[in-house]
Amino acid sequence: MKLDTIRHSLTHILAAAVKELFPRVKLGTGSVIENGFYCDFDNLKISDKDLLKIEKKMKELIKKEIKPDTFKLTKLAGAYLKGDEKNKMLTRIYGIAFNTKKELDQYLKMQEEAEKRDHRKLGQKLDLFSINEDIGAGLPLWHGKGAILRHIIENYLYEELTSQGYEWLTTPHIGKLSLWKTSGHWDFYKENIYSPIKIDKEEYLLKPMNCPFHVKVYQSKIRSYKDLPIKFAELGTVYRYEKSGVLHGLTRVRGFTQDDAHIFCTPDQMEKELFSILKYGLEILKTFGFKDYEIYLSTRPKKFMGTKKMWQKATDSLKHACEKLKLKYELDPEGGVFYCPKIDIKIKDSIGRPWQCSTFQIDFNLPKAFNISYIDEKGKKKEPIMIHRALLGSLERFIGVLLEHYEGALPVWLSPVQAWIIPITSRHEKYAEEISKKLGSFRTKLKNENETVSKKIRQGEIQKIPYLLVVGDKEMKTKSVRVRERSKGDIGEMKIDKFIDKIWRNYPNLRKN
RNA sequence: GCCGGAGUAGUUCAGUGGCAGAACGUUUUCUUGGUAAGAAAAAGGCCGGGAGUUCAAUUCUCCCCUCCGGCUCCA
């Protein structure tokens, strides 16, 4: 029997088992999914403990073709009828099923492996960030090493985008409610915006997006066609109301910093600009080690601003850009933002889970809403087009994905601490400090605690430090270091200059200062 | 937000209607060491918050907060 057929049969067996144990239950739909199956039930109030009972009953009911040790009920969950949150919630039972017990065990083992990559656990183990109950859900605190990681990424973006002709802006965290009425956010995005704050007699909103602020900078003077395209970039921190149940470590939070940019250009420049930022965006992702991604083209949602004609035009432009870059994409019908369609890139982490990070949007609406303009060749006022884009999406989500992708063992250029220098005895501390100085901007830490070398090595491995440099009498005499490379172990003694060469040669992303 | 589960030391977790426990981590002392845990001692707790039941609640009940797995939504 085909695996999908087995999984399909199991939905029926599950339904039958539940019906037998809980006769008053109403059967909902069931389905085959990746690795297993599920079935929905109405009028069923059970808890985790009942799963075992149901599983046992299923094993009594199966037919000869299905072996009892090749499936397992795994999860109990709620699910809306027909997937619509306005409908009532049903009880969903999930199960996994495979051809053999071996495959089932393998799957369970893989799940265990995946847990080790959980960025929430890594964040705590590596002392990068925490989320504190007293501060609030979805509001992460960045600890020393996490903050360094952020700064590394920020500095990298700063240099890259500056060289690409972006102008950096800094804008406030709140702005008048009236601004958000003009932009359309108040009408179309209200459920994600926090309640207004009253200052004097005026109401203000915590910003859910940066766009209106950038528009206002654009409007601060008269723009000529010669100035376009104008590219504004900002690491802009935004606050959005997210339902409590969706919050998840760093990948879903209520306050986050977008690597946001807005490109103001003429209609003629638009396709070229879009093409280049898309191409460039993919290169940036590659630098961070992401080569696998899913691309989605999200079209007009139910609630939208502007005319259908404008939407069609913008959507076509996005399609052309993808085609020109030979990018495979899938349609996400009605998945656009209220003001425009978009291309989203979902980055896959190393076990294949997709996370929406990069976004590219063609907007004819905000320019109209704010009535922005440039002066063309003939001295006439024209309306520019606005391209919104975020490459990493948000630093929070991106770092979360980064941690999972690398299982916390970040590439050397991103490691908050790149090397530990471990003196064997206190006599060698001075030499260790000399080495630290010689390594310059390489981020090192002197490990001079009163502990054995073995213990420090162990801690270094657990902390996923890229290089552990052990120094003692021998190394002092020969002006060298004993190098232990992460995941490779002891790679032997080398002259300090040779080690420096090795670092710079192997990691071109590191900037020598 | 909704369905199901959970909150005990810095961390991971035992435990009980009647003095609060382990391991790791931390601190101090000893130890001056060569590639994954040297030894000893000490400190560390409003048992998530509030209300109720009880002679007595960390334990039982209710409400709230936070977290986990899903659903819906999303950068």
# chains A, B, ... in the order shown; residues from 1 in each chain; ligands from 1
call {"tool": "interface_residues", "arguments": {"of": "chain A", "to": "chain B", "cutoff": "7 Å", "atoms": "only C-alpha atoms (C1' of nucleotides)", "output": "PyMOL selection string"}}
result
chain A and resi 47+76-80+84-85+89+91+133+243+356-357+393-394+424-426+452-455+457-458+490
call {"tool": "select_by_dssp", "arguments": {"residues": "segment 317-459 of chain A", "states": "strand (DSSP E)", "output": "PyMOL selection string"}}
result
chain A and resi 330-332+342-348+354-363+374-375+381-382+385-394+419-423+444-446
call {"tool": "atom_distance", "arguments": {"atom1": "atom CA of Ile362 of chain A", "atom2": "atom CA of Ala314 of chain A"}}
result
5.7 Å
call {"tool": "residues_around", "arguments": {"residues": "Glu404 of chain A", "least_positions_apart": "2", "cutoff": "7 Å", "atoms": "only C-alpha atoms (C1' of nucleotides)", "output": "VMD selection string"}}
result
chain A and resid 117 to 119 349 400 to 402 406 to 408
call {"tool": "residues_around", "arguments": {"residues": "U27 of chain B", "least_positions_apart": "2", "cutoff": "12 Å", "atoms": "only C-alpha atoms (C1' of nucleotides)", "output": "number ranges by chain"}}
result
B: 25, 29, 41-44
call {"tool": "select_by_dssp", "arguments": {"residues": "segment 9-99 of chain A", "states": "alpha helix (DSSP H)", "output": "ChimeraX atom specification"}}
result
/A:9-21,48-61
call {"tool": "write_last_selection", "arguments": {"atoms": "N, CA and C atoms", "output": "short mmCIF file (atom, residue, chain, number, x, y, z; two decimals), in the first residue's frame"}}
result
data_model
loop_
_atom_site.label_atom_id
_atom_site.label_comp_id
_atom_site.auth_asym_id
_atom_site.auth_seq_id
_atom_site.Cartn_x
_atom_site.Cartn_y
_atom_site.Cartn_z
N SER A 9 -6.04 6.05 5.17
CA SER A 9 -6.81 5.04 5.92
C SER A 9 -6.79 5.37 7.40
N LEU A 10 -5.63 5.84 7.86
CA LEU A 10 -5.49 6.12 9.30
C LEU A 10 -6.43 7.24 9.75
N THR A 11 -6.72 8.20 8.85
CA THR A 11 -7.67 9.24 9.26
C THR A 11 -9.03 8.60 9.56
N HIS A 12 -9.40 7.60 8.74
CA HIS A 12 -10.68 6.92 8.96
C HIS A 12 -10.64 6.08 10.23
N ILE A 13 -9.52 5.41 10.43
CA ILE A 13 -9.39 4.57 11.63
C ILE A 13 -9.42 5.44 12.88
N LEU A 14 -8.72 6.61 12.78
CA LEU A 14 -8.73 7.56 13.90
C LEU A 14 -10.17 8.00 14.19
N ALA A 15 -10.89 8.33 13.13
CA ALA A 15 -12.27 8.78 13.29
C ALA A 15 -13.12 7.68 13.94
N ALA A 16 -12.93 6.46 13.48
CA ALA A 16 -13.70 5.33 14.01
C ALA A 16 -13.37 5.09 15.48
N ALA A 17 -12.08 5.18 15.82
CA ALA A 17 -11.65 4.93 17.20
C ALA A 17 -12.25 5.99 18.13
N VAL A 18 -12.21 7.25 17.68
CA VAL A 18 -12.74 8.33 18.51
C VAL A 18 -14.25 8.16 18.68
N LYS A 19 -14.89 7.81 17.58
CA LYS A 19 -16.35 7.63 17.60
C LYS A 19 -16.74 6.52 18.59
N GLU A 20 -15.92 5.47 18.62
CA GLU A 20 -16.22 4.35 19.51
C GLU A 20 -16.04 4.73 20.98
N LEU A 21 -14.96 5.48 21.24
CA LEU A 21 -14.66 5.86 22.63
C LEU A 21 -15.54 7.01 23.11
N ASP A 48 -4.48 15.57 26.45
CA ASP A 48 -3.36 14.77 25.95
C ASP A 48 -3.41 13.30 26.37
N LYS A 49 -3.85 13.08 27.61
CA LYS A 49 -3.84 11.71 28.14
C LYS A 49 -4.73 10.78 27.32
N ASP A 50 -5.79 11.35 26.74
CA ASP A 50 -6.71 10.53 25.96
C ASP A 50 -6.10 10.02 24.66
N LEU A 51 -5.03 10.70 24.20
CA LEU A 51 -4.42 10.28 22.94
C LEU A 51 -3.96 8.83 22.99
N LEU A 52 -3.36 8.46 24.12
CA LEU A 52 -2.88 7.08 24.28
C LEU A 52 -4.02 6.08 24.16
N LYS A 53 -5.12 6.45 24.79
CA LYS A 53 -6.31 5.59 24.78
C LYS A 53 -6.82 5.42 23.34
N ILE A 54 -6.85 6.54 22.63
CA ILE A 54 -7.35 6.51 21.25
C ILE A 54 -6.40 5.71 20.37
N GLU A 55 -5.10 5.91 20.60
CA GLU A 55 -4.10 5.19 19.81
C GLU A 55 -4.26 3.68 20.02
N LYS A 56 -4.51 3.31 21.27
CA LYS A 56 -4.69 1.89 21.60
C LYS A 56 -5.90 1.33 20.85
N LYS A 57 -6.96 2.10 20.89
CA LYS A 57 -8.19 1.68 20.21
C LYS A 57 -7.94 1.53 18.71
N MET A 58 -7.16 2.49 18.14
CA MET A 58 -6.86 2.43 16.70
C MET A 58 -6.14 1.12 16.36
N LYS A 59 -5.23 0.73 17.25
CA LYS A 59 -4.45 -0.48 17.00
C LYS A 59 -5.33 -1.72 17.00
N GLU A 60 -6.45 -1.64 17.73
CA GLU A 60 -7.39 -2.76 17.70
C GLU A 60 -8.14 -2.80 16.38
N LEU A 61 -8.36 -1.61 15.82
CA LEU A 61 -9.23 -1.52 14.64
C LEU A 61 -8.53 -1.75 13.30
#
call {"tool": "residues_around", "arguments": {"residues": "Glu271 of chain A", "least_positions_apart": "5", "cutoff": "9 Å", "atoms": "only C-alpha atoms (C1' of nucleotides)", "output": "ChimeraX atom specification"}}
result
/A:276,317-318,320-321
call {"tool": "write_last_selection", "arguments": {"atoms": "N, CA and C atoms", "output": "PDB file, in the first residue's frame"}}
result
ATOM      1  N   SER A 276      17.291  45.517  -9.714  1.00  0.00           N
ATOM      2  CA  SER A 276      18.595  45.569  -9.047  1.00  0.00           C
ATOM      3  C   SER A 276      18.480  45.303  -7.544  1.00  0.00           C
ATOM      4  N   SER A 317       4.625  44.434 -12.829  1.00  0.00           N
ATOM      5  CA  SER A 317       6.036  44.831 -12.689  1.00  0.00           C
ATOM      6  C   SER A 317       6.799  43.823 -11.848  1.00  0.00           C
ATOM      7  N   LEU A 318       6.182  43.377 -10.772  1.00  0.00           N
ATOM      8  CA  LEU A 318       6.838  42.408  -9.899  1.00  0.00           C
ATOM      9  C   LEU A 318       7.080  41.105 -10.658  1.00  0.00           C
ATOM     10  N   HIS A 320       7.464  40.732 -13.891  1.00  0.00           N
ATOM     11  CA  HIS A 320       8.551  40.935 -14.860  1.00  0.00           C
ATOM     12  C   HIS A 320       9.908  40.823 -14.208  1.00  0.00           C
ATOM     13  N   ALA A 321      10.029  41.441 -13.040  1.00  0.00           N
ATOM     14  CA  ALA A 321      11.317  41.421 -12.343  1.00  0.00           C
ATOM     15  C   ALA A 321      11.722  39.980 -12.043  1.00  0.00           C
TER      16      ALA A 321
END
call {"tool": "atom_distance", "arguments": {"atom1": "atom CA of Asp292 of chain A", "atom2": "atom CA of Ser350 of chain A"}}
result
9.1 Å
